[in-house]
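Structure data (PDB, C-alpha atoms) from run.pdb:
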ATOM      1  CA  MET X   1      78.024  95.066 133.114
ATOM      2  CA  ASN X   2      80.262  96.058 130.185
ATOM      3  CA  LEU X   3      83.855  96.059 131.469
ATOM      4  CA  ASN X   4      84.705  99.273 129.632
ATOM      5  CA  LYS X   5      81.817 101.109 131.332
ATOM      6  CA  PHE X   6      82.700  99.636 134.715
ATOM      7  CA  TYR X   7      86.322 100.659 134.248
ATOM      8  CA  SER X   8      85.271 104.241 133.405
ATOM      9  CA  ALA X   9      82.896 104.455 136.357
ATOM     10  CA  CYS X  10      85.604 103.329 138.766
ATOM     11  CA  TRP X  11      87.937 105.983 137.402
ATOM     12  CA  VAL X  12      85.370 108.729 138.027
ATOM     13  CA  ILE X  13      85.119 107.653 141.663
ATOM     14  CA  TYR X  14      88.884 107.400 142.035
ATOM     15  CA  ILE X  15      89.628 110.810 140.526
ATOM     16  CA  THR X  16      87.423 112.444 143.148
ATOM     17  CA  PHE X  17      89.830 111.385 145.894
ATOM     18  CA  LEU X  18      93.156 111.595 144.064
ATOM     19  CA  SER X  19      95.813 114.218 144.819
ATOM     20  CA  LEU X  20      99.481 113.843 143.870
ATOM     21  CA  THR X  21     102.612 115.969 143.409
ATOM     22  CA  TYR X  22     104.992 116.535 140.538
ATOM     23  CA  ILE X  23     108.466 117.924 139.669
ATOM     24  CA  SER X  24     110.531 118.242 136.499
ATOM     25  CA  GLN X  25     113.423 116.064 135.418
ATOM     26  CA  SER X  26     116.332 116.205 132.972
ATOM     27  CA  PRO X  27     115.955 116.109 129.154
ATOM     28  CA  LEU X  28     116.950 113.070 127.108
ATOM     29  CA  LEU X  29     115.560 112.935 123.543
ATOM     30  CA  ALA X  30     117.019 113.880 120.198
ATOM     31  CA  SER X  31     114.450 113.712 117.394
ATOM     32  CA  ASP X  32     114.744 113.710 113.585
ATOM     33  CA  THR X  33     117.967 111.763 114.015
ATOM     34  CA  THR X  34     119.822 109.328 111.788
ATOM     35  CA  ILE X  35     121.542 106.601 113.823
ATOM     36  CA  CYS X  36     124.297 104.391 112.421
ATOM     37  CA  LEU X  37     124.338 101.123 114.338
ATOM     38  CA  GLN X  38     127.847 100.090 115.325
ATOM     39  CA  ARG X  39     129.497  96.648 115.311
ATOM     40  CA  THR X  40     127.085  94.051 116.711
ATOM     41  CA  GLU X  41     124.326  96.487 117.678
ATOM     42  CA  LYS X  42     122.011  95.070 115.054
ATOM     43  CA  SER X  43     118.791  95.084 117.053
ATOM     44  CA  ILE X  44     116.170  97.612 118.086
ATOM     45  CA  VAL X  45     113.835  97.170 121.056
ATOM     46  CA  PHE X  46     110.176  98.190 121.242
ATOM     47  CA  ILE X  47     108.286  98.158 124.545
ATOM     48  CA  SER X  48     105.035  99.690 125.777
ATOM     49  CA  ASP X  49     102.791 100.180 128.805
ATOM     50  CA  THR X  50     105.336  99.923 131.598
ATOM     51  CA  GLN X  51     103.220 101.876 134.088
ATOM     52  CA  SER X  52     102.798 100.615 137.641
ATOM     53  CA  PRO X  53      99.407  99.153 138.599
ATOM     54  CA  ILE X  54      96.914 101.683 139.942
ATOM     55  CA  TRP X  55      94.851 100.789 142.990
ATOM     56  CA  ILE X  56      91.486 101.347 141.330
ATOM     57  CA  GLU X  57      92.447  99.091 138.403
ATOM     58  CA  SER X  58      93.524  96.353 140.800
ATOM     59  CA  LEU X  59      89.932  96.063 142.015
ATOM     60  CA  PHE X  60      88.976  94.286 138.796
ATOM     61  CA  LEU X  61      92.281  93.383 137.100
ATOM     62  CA  LYS X  62      94.558  90.872 138.820
ATOM     63  CA  GLU X  63      98.114  91.826 139.724
ATOM     64  CA  ARG X  64     100.692  89.268 138.620
ATOM     65  CA  ALA X  65     104.117  90.325 139.908
ATOM     66  CA  ASN X  66     103.884  93.375 137.642
ATOM     67  CA  LEU X  67     106.711  95.390 139.159
ATOM     68  CA  ARG X  68     109.061  92.422 139.353
ATOM     69  CA  VAL X  69     108.433  91.500 135.730
ATOM     70  CA  ARG X  70     108.902  95.093 134.580
ATOM     71  CA  SER X  71     112.299  95.122 136.293
ATOM     72  CA  LEU X  72     113.109  91.812 134.611
ATOM     73  CA  LEU X  73     112.255  93.266 131.193
ATOM     74  CA  PHE X  74     114.281  96.424 131.839
ATOM     75  CA  GLU X  75     117.293  94.412 133.008
ATOM     76  CA  GLU X  76     117.169  92.158 129.949
ATOM     77  CA  ILE X  77     117.029  95.136 127.590
ATOM     78  CA  GLN X  78     120.035  96.719 129.277
ATOM     79  CA  ARG X  79     121.931  93.424 129.261
ATOM     80  CA  HIS X  80     121.240  92.998 125.570
ATOM     81  CA  MET X  81     122.441  96.545 124.705
ATOM     82  CA  PRO X  82     120.348  97.151 121.560
ATOM     83  CA  GLY X  83     121.017  99.903 119.066
ATOM     84  CA  ALA X  84     117.995 101.892 120.289
ATOM     85  CA  VAL X  85     114.917 101.592 122.513
ATOM     86  CA  PHE X  86     111.480 102.784 121.416
ATOM     87  CA  HIS X  87     108.709 103.166 124.002
ATOM     88  CA  LEU X  88     105.143 103.305 122.680
ATOM     89  CA  GLY X  89     103.637 105.180 125.601
ATOM     90  CA  ASP X  90     102.271 104.825 129.119
ATOM     91  CA  GLN X  91     105.739 104.902 130.606
ATOM     92  CA  VAL X  92     104.131 105.804 133.938
ATOM     93  CA  ALA X  93     100.780 105.641 135.717
ATOM     94  CA  PHE X  94     100.421 109.416 136.157
ATOM     95  CA  GLY X  95     102.524 111.729 134.029
ATOM     96  CA  PHE X  96     102.104 114.740 136.310
ATOM     97  CA  CYS X  97     103.304 112.879 139.420
ATOM     98  CA  ASN X  98     106.997 112.807 140.298
ATOM     99  CA  ASN X  99     106.793 109.474 142.116
ATOM    100  CA  SER X 100     105.462 107.766 138.997
ATOM    101  CA  TRP X 101     108.605 108.540 136.992
ATOM    102  CA  HIS X 102     111.302 107.085 139.243
ATOM    103  CA  GLU X 103     111.670 103.617 137.691
ATOM    104  CA  ILE X 104     111.472 104.714 134.063
ATOM    105  CA  ASP X 105     113.838 107.629 134.753
ATOM    106  CA  GLU X 106     116.417 105.197 136.133
ATOM    107  CA  PHE X 107     115.952 102.888 133.153
ATOM    108  CA  VAL X 108     116.315 105.707 130.622
ATOM    109  CA  LYS X 109     119.298 107.171 132.488
ATOM    110  CA  THR X 110     121.176 103.866 132.515
ATOM    111  CA  THR X 111     120.216 103.090 128.928
ATOM    112  CA  THR X 112     121.343 106.420 127.510
ATOM    113  CA  GLN X 113     124.542 106.400 129.588
ATOM    114  CA  ASN X 114     125.379 103.211 127.684
ATOM    115  CA  ASN X 115     124.925 105.145 124.424
ATOM    116  CA  VAL X 116     121.585 103.510 123.638
ATOM    117  CA  PRO X 117     119.151 106.240 122.520
ATOM    118  CA  PHE X 118     115.592 106.233 123.873
ATOM    119  CA  TYR X 119     112.647 107.358 121.721
ATOM    120  CA  PRO X 120     109.163 107.722 123.243
ATOM    121  CA  ALA X 121     105.630 107.993 121.938
ATOM    122  CA  LEU X 122     103.055 109.760 124.079
ATOM    123  CA  GLY X 123     100.524 107.554 125.872
ATOM    124  CA  ASN X 124      97.269 108.431 127.595
ATOM    125  CA  HIS X 125      98.647 107.840 131.097
ATOM    126  CA  GLU X 126     101.255 110.576 130.634
ATOM    127  CA  LEU X 127      98.289 112.942 130.186
ATOM    128  CA  MET X 128      95.911 111.419 132.726
ATOM    129  CA  LEU X 129      93.988 113.711 135.108
ATOM    130  CA  PHE X 130      96.151 116.848 134.814
ATOM    131  CA  SER X 131      97.108 116.720 131.144
ATOM    132  CA  GLY X 132      98.892 120.086 131.053
ATOM    133  CA  ARG X 133     101.164 119.182 133.932
ATOM    134  CA  GLY X 134     101.672 115.705 132.539
ATOM    135  CA  MET X 135     102.717 117.133 129.184
ATOM    136  CA  ASP X 136     105.098 119.523 130.938
ATOM    137  CA  ARG X 137     106.729 116.638 132.802
ATOM    138  CA  PHE X 138     107.046 114.690 129.556
ATOM    139  CA  MET X 139     108.591 117.646 127.715
ATOM    140  CA  ASP X 140     110.979 118.304 130.617
ATOM    141  CA  ARG X 141     112.421 114.875 129.927
ATOM    142  CA  TYR X 142     112.166 114.909 126.134
ATOM    143  CA  PRO X 143     112.362 118.569 125.041
ATOM    144  CA  ALA X 144     112.972 117.746 121.369
ATOM    145  CA  PHE X 145     109.806 115.628 121.207
ATOM    146  CA  GLU X 146     107.583 116.679 118.303
ATOM    147  CA  LYS X 147     103.994 116.638 119.531
ATOM    148  CA  THR X 148     102.403 115.374 116.320
ATOM    149  CA  GLY X 149     105.077 112.887 115.251
ATOM    150  CA  TYR X 150     108.711 112.378 114.331
ATOM    151  CA  LEU X 151     110.953 110.215 112.175
ATOM    152  CA  ILE X 152     114.008 108.192 113.183
ATOM    153  CA  ARG X 153     116.301 106.657 110.551
ATOM    154  CA  ILE X 154     118.476 103.714 111.558
ATOM    155  CA  ASP X 155     120.499 102.475 108.617
ATOM    156  CA  SER X 156     117.937 101.349 106.017
ATOM    157  CA  LEU X 157     115.071 101.309 108.530
ATOM    158  CA  ALA X 158     112.695 104.238 109.075
ATOM    159  CA  ILE X 159     110.544 104.430 112.220
ATOM    160  CA  ILE X 160     107.624 106.872 112.229
ATOM    161  CA  MET X 161     106.481 107.661 115.779
ATOM    162  CA  LEU X 162     102.995 109.213 115.963
ATOM    163  CA  ASN X 163     100.846 110.845 118.636
ATOM    164  CA  SER X 164      97.450 109.130 118.828
ATOM    165  CA  ASN X 165      96.083 111.278 121.684
ATOM    166  CA  PHE X 166      93.753 113.124 119.325
ATOM    167  CA  ASP X 167      91.673 114.583 122.164
ATOM    168  CA  HIS X 168      94.768 116.554 123.172
ATOM    169  CA  LEU X 169      95.570 117.810 119.671
ATOM    170  CA  SER X 170      94.010 120.845 118.017
ATOM    171  CA  GLU X 171      92.424 120.611 114.581
ATOM    172  CA  ALA X 172      95.445 122.455 113.189
ATOM    173  CA  GLU X 173      97.820 119.951 114.818
ATOM    174  CA  ILE X 174      95.823 117.004 113.483
ATOM    175  CA  GLN X 175      95.935 118.505 109.994
ATOM    176  CA  LYS X 176      99.681 119.121 110.329
ATOM    177  CA  GLN X 177     100.156 115.524 111.446
ATOM    178  CA  SER X 178      98.157 114.158 108.525
ATOM    179  CA  GLU X 179     100.041 116.197 105.929
ATOM    180  CA  TRP X 180     103.412 115.374 107.481
ATOM    181  CA  LEU X 181     102.651 111.643 107.664
ATOM    182  CA  THR X 182     101.556 111.453 104.037
ATOM    183  CA  LYS X 183     104.508 113.500 102.773
ATOM    184  CA  THR X 184     107.062 111.652 104.903
ATOM    185  CA  THR X 185     105.815 108.220 103.882
ATOM    186  CA  GLU X 186     105.862 109.168 100.200
ATOM    187  CA  GLN X 187     109.427 110.463 100.521
ATOM    188  CA  LEU X 188     110.565 107.302 102.291
ATOM    189  CA  ASP X 189     108.924 105.106  99.664
ATOM    190  CA  ALA X 190     110.843 107.014  96.987
ATOM    191  CA  ASP X 191     114.179 106.862  98.854
ATOM    192  CA  SER X 192     116.265 103.941  97.592
ATOM    193  CA  SER X 193     118.303 103.891 100.823
ATOM    194  CA  VAL X 194     115.175 102.993 102.834
ATOM    195  CA  LYS X 195     114.282  99.297 102.818
ATOM    196  CA  MET X 196     111.601  99.106 105.521
ATOM    197  CA  ILE X 197     109.227 101.462 107.363
ATOM    198  CA  ILE X 198     107.738 100.835 110.805
ATOM    199  CA  MET X 199     104.814 102.974 111.932
ATOM    200  CA  ALA X 200     104.082 103.213 115.665
ATOM    201  CA  CYS X 201     101.722 104.968 118.076
ATOM    202  CA  HIS X 202     100.201 104.284 121.477
ATOM    203  CA  HIS X 203      96.550 103.454 120.736
ATOM    204  CA  SER X 204      95.825 100.234 118.866
ATOM    205  CA  PRO X 205      93.687 100.310 115.724
ATOM    206  CA  PHE X 206      92.876  96.627 116.211
ATOM    207  CA  THR X 207      92.538  94.793 119.525
ATOM    208  CA  ASN X 208      90.329  92.207 121.195
ATOM    209  CA  SER X 209      90.798  93.786 124.633
ATOM    210  CA  THR X 210      87.765  93.773 126.933
ATOM    211  CA  ILE X 211      89.061  96.872 128.750
ATOM    212  CA  VAL X 212      90.047  99.325 125.997
ATOM    213  CA  ASP X 213      88.371  99.720 122.626
ATOM    214  CA  PRO X 214      90.156  99.625 119.265
ATOM    215  CA  ASP X 215      90.908 103.195 118.261
ATOM    216  CA  GLU X 216      88.744 104.330 115.357
ATOM    217  CA  GLN X 217      90.737 107.493 114.700
ATOM    218  CA  VAL X 218      94.009 105.573 114.404
ATOM    219  CA  ARG X 219      92.244 103.156 112.069
ATOM    220  CA  TRP X 220      90.940 106.076 110.023
ATOM    221  CA  ARG X 221      93.933 108.454 110.078
ATOM    222  CA  PHE X 222      97.035 106.233 110.181
ATOM    223  CA  VAL X 223      96.153 102.774 108.900
ATOM    224  CA  PRO X 224      95.328 103.736 105.268
ATOM    225  CA  VAL X 225      98.689 105.516 104.932
ATOM    226  CA  TYR X 226     100.436 102.465 106.358
ATOM    227  CA  ILE X 227      98.634  99.997 104.097
ATOM    228  CA  ASN X 228      99.187 102.119 100.991
ATOM    229  CA  SER X 229     102.915 102.535 101.642
ATOM    230  CA  GLN X 230     105.090 100.222  99.580
ATOM    231  CA  LYS X 231     107.800  99.900 102.242
ATOM    232  CA  ALA X 232     105.726 100.051 105.453
ATOM    233  CA  ARG X 233     105.767  96.507 106.803
ATOM    234  CA  LEU X 234     104.979  96.689 110.510
ATOM    235  CA  PHE X 235     102.502  98.730 112.570
ATOM    236  CA  LEU X 236     103.169  98.716 116.326
ATOM    237  CA  SER X 237     100.928  99.943 119.134
ATOM    238  CA  GLY X 238     100.186  99.433 122.811
ATOM    239  CA  HIS X 239      97.370 100.624 125.123
ATOM    240  CA  ALA X 240      95.847  97.135 125.207
ATOM    241  CA  HIS X 241      97.896  95.204 127.767
ATOM    242  CA  ALA X 242      98.447  92.059 125.733
ATOM    243  CA  PHE X 243     100.351  90.682 122.778
ATOM    244  CA  GLU X 244      98.204  90.430 119.651
ATOM    245  CA  HIS X 245      98.971  89.940 115.963
ATOM    246  CA  PHE X 246      96.569  90.963 113.211
ATOM    247  CA  ARG X 247      96.860  90.803 109.428
ATOM    248  CA  VAL X 248      94.831  93.522 107.711
ATOM    249  CA  GLY X 249      95.184  94.633 104.114
ATOM    250  CA  GLY X 250      98.084  92.234 103.689
ATOM    251  CA  LYS X 251     100.068  94.018 106.420
ATOM    252  CA  ASP X 252     101.128  93.088 109.962
ATOM    253  CA  PHE X 253      99.853  94.824 113.096
ATOM    254  CA  LEU X 254     101.355  93.936 116.488
ATOM    255  CA  VAL X 255      99.940  95.043 119.832
ATOM    256  CA  ILE X 256     102.814  95.015 122.341
ATOM    257  CA  GLY X 257     101.249  96.416 125.525
ATOM    258  CA  GLY X 258     102.825  93.893 127.900
ATOM    259  CA  GLY X 259     105.554  95.970 129.529
ATOM    260  CA  GLY X 260     104.304  95.653 133.105
ATOM    261  CA  GLY X 261     100.859  97.221 133.346
ATOM    262  CA  LEU X 262      97.954  95.115 134.581
ATOM    263  CA  GLN X 263      97.168  92.457 131.988
ATOM    264  CA  GLN X 264      93.830  92.911 130.255
ATOM    265  CA  PRO X 265      91.550  89.988 129.367
ATOM    266  CA  LEU X 266      90.919  89.507 125.654
ATOM    267  CA  LEU X 267      87.827  88.420 123.814
ATOM    268  CA  THR X 268      88.266  84.841 122.622
ATOM    269  CA  GLY X 269      86.502  82.328 120.394
ATOM    270  CA  ASP X 270      83.505  83.585 118.449
ATOM    271  CA  ALA X 271      83.504  86.859 120.403
ATOM    272  CA  VAL X 272      86.702  88.258 118.843
ATOM    273  CA  ARG X 273      86.512  91.451 116.808
ATOM    274  CA  TRP X 274      89.397  90.406 114.544
ATOM    275  CA  GLU X 275      91.225  87.139 114.043
ATOM    276  CA  ASP X 276      94.388  87.064 116.145
ATOM    277  CA  ASN X 277      97.299  85.244 114.504
ATOM    278  CA  PHE X 278      99.203  84.738 117.773
ATOM    279  CA  GLU X 279      99.254  81.037 118.584
ATOM    280  CA  GLU X 280      98.609  81.449 122.333
ATOM    281  CA  LYS X 281      94.846  81.907 122.365
ATOM    282  CA  GLY X 282      94.198  82.479 126.082
ATOM    283  CA  GLU X 283      92.458  85.613 127.292
ATOM    284  CA  ILE X 284      95.536  86.695 129.320
ATOM    285  CA  ARG X 285      98.804  87.203 127.434
ATOM    286  CA  ARG X 286     102.253  87.135 129.010
ATOM    287  CA  PHE X 287     104.399  90.189 129.754
ATOM    288  CA  HIS X 288     106.747  90.977 126.902
ATOM    289  CA  TYR X 289     108.671  93.283 124.618
ATOM    290  CA  ILE X 290     109.950  92.774 121.068
ATOM    291  CA  SER X 291     113.316  93.150 119.379
ATOM    292  CA  LEU X 292     113.784  93.766 115.669
ATOM    293  CA  GLU X 293     116.941  92.032 114.460
ATOM    294  CA  MET X 294     118.467  94.064 111.639
ATOM    295  CA  GLY X 295     120.165  91.414 109.528
ATOM    296  CA  ARG X 296     119.840  90.741 105.814
ATOM    297  CA  THR X 297     116.349  89.435 106.611
ATOM    298  CA  PRO X 298     114.725  91.599 109.335
ATOM    299  CA  GLU X 299     113.166  89.465 112.051
ATOM    300  CA  VAL X 300     111.003  90.204 115.091
ATOM    301  CA  LEU X 301     111.981  88.372 118.264
ATOM    302  CA  LEU X 302     109.349  88.083 120.985
ATOM    303  CA  ILE X 303     110.704  88.161 124.539
ATOM    304  CA  MET X 304     108.091  86.954 127.053
ATOM    305  CA  ALA X 305     108.043  86.234 130.779
ATOM    306  CA  ASP X 306     107.413  82.641 131.784
ATOM    307  CA  SER X 307     104.570  81.536 134.055
ATOM    308  CA  SER X 308     106.721  81.950 137.178
ATOM    309  CA  TYR X 309     107.420  85.624 136.324
ATOM    310  CA  THR X 310     111.109  85.010 137.052
ATOM    311  CA  LYS X 311     112.534  84.104 133.634
ATOM    312  CA  LEU X 312     112.263  85.337 130.074
ATOM    313  CA  GLU X 313     111.828  83.229 126.959
ATOM    314  CA  THR X 314     112.878  84.408 123.495
ATOM    315  CA  ARG X 315     111.406  83.129 120.268
ATOM    316  CA  ALA X 316     111.727  84.070 116.607
ATOM    317  CA  TYR X 317     108.302  85.393 115.743
ATOM    318  CA  LEU X 318     107.999  87.276 112.452
ATOM    319  CA  LYS X 319     110.319  87.525 109.433
ATOM    320  CA  PHE X 320     110.339  89.903 106.475
ATOM    321  CA  PRO X 321     112.243  87.894 103.835
ATOM    322  CA  ASP X 322     111.368  90.174 100.920
ATOM    323  CA  VAL X 323     112.512  93.450 102.503
ATOM    324  CA  GLY X 324     115.089  95.153 100.305
ATOM    325  CA  ARG X 325     114.582  92.876  97.327
TER     326      ARG X 325
END

Could you spell out this file's structure in structure tokens?
Amino acid sequence: MNLNKFYSACWVIYITFLSLTYISQSPLLASDTTICLQRTEKSIVFISDTQSPIWIESLFLKERANLRVRSLLFEEIQRHMPGAVFHLGDQVAFGFCNNSWHEIDEFVKTTTQNNVPFYPALGNHELMLFSGRGMDRFMDRYPAFEKTGYLIRIDSLAIIMLNSNFDHLSEAEIQKQSEWLTKTTEQLDADSSVKMIIMACHHSPFTNSTIVDPDEQVRWRFVPVYINSQKARLFLSGHAHAFEHFRVGGKDFLVIGGGGGLQQPLLTGDAVRWEDNFEEKGEIRRFHYISLEMGRTPEVLLIMADSSYTKLETRAYLKFPDVGR
């Protein structure tokens, strides 16, 4: 049986029996903000898919110390004290449920108390089952969140955060998003103070996951703008619980969905949809997040859990030597 179909069928059965509660929490986001990194805070963290495993998923996806590794990733981010943290969605298993938010709320609280701003994208799990309530819970925490997308400027770097939950956007909102994205990217390309643009959303335009499909609408709506932008150099996404690296149209696409959710097997060998440039070719990829080091030559560091799930390993992964030249 196709794993995607099996996954969907299991969810239908599970939803029939599911009933959970929810409450609101405190707000924490400031959007359309320019941040000036101070002193040694020359790094920015990106993480995605930190939701706890769900029982129905655990029937066919193996748990591998998910909660312990998520805590390890959170602790390392807070120890490192980056200039900002960006989360690409699926912070929690069920957005409408209060119990789902406890760990991420504590992480965001501690992070922001240390003057490290936190910027989220909206994932599908925040909207799962009871999407209206899930969106309310999300907006309670991040009241300045712009539903279609927002821009963050950090020194000479511009990060465009986009909502890829098109099923939860009206036609008018999708049109607004498209016009805003095109206009914003053109303005950034023309701005001499901007050296590099990163575009990010939850759903991956390219992935070899056997559980979730590559997102055609992201590939159609966002990718051409990214490829055509002179300064856009990195496209980040999650949803697929793995680390993947694709080169399309001469541009880099990283899938960084390894924040603690159940790891998803990937297609390998001749079965792949797209060639994956990551050197570890196994079907299961290690838990991880990435850090962008903001020096003269921007560089992506990949922080991954080891096979014991008790330690993290950091490697230099991707450089952009021509940025700003």

(message) Just the number, please: distance in Å from atom CA of X:Leu267 to atom CA of X:Val300, one decimal.
(response) 24.8 Å

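With distances taken over all atoms listed in the file, X:Val323 is the one residue among X:Leu162, X:Val323, X:Thr207, X:Glu146 lying closest to X:Ala232.
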
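For the set X:Asp49, X:Asp155, X:Glu106, X:Asp189, the residue with the smallest atom-to-atom gap to X:Glu75 is X:Glu106, counting all atoms listed in the file.
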
(request) Would you write out, as an NGL selection string, every residue that the PyMOL selection byres ((chain X and resi 64-72) around 8) captures in this file? (result) :X and (50 or 52-53 or 62-63 or 73-76 or 259-262 or 287 or 305 or 309-312)

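Taking only C-alpha atoms into account, X:Leu61 lies nearest to X:Gln264 out of the set X:Arg285, X:Gln264, X:Asp270, X:Met294.
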
(request) For atom CA of X:Val108 and atom CA of X:Gln91, determine how far apart the two atoms are, in Å to one decimal place. (result) 10.6 Å

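Here atom CA of X:Phe138 stands at a distance of 7.0 Å from atom CA of X:Gly95.
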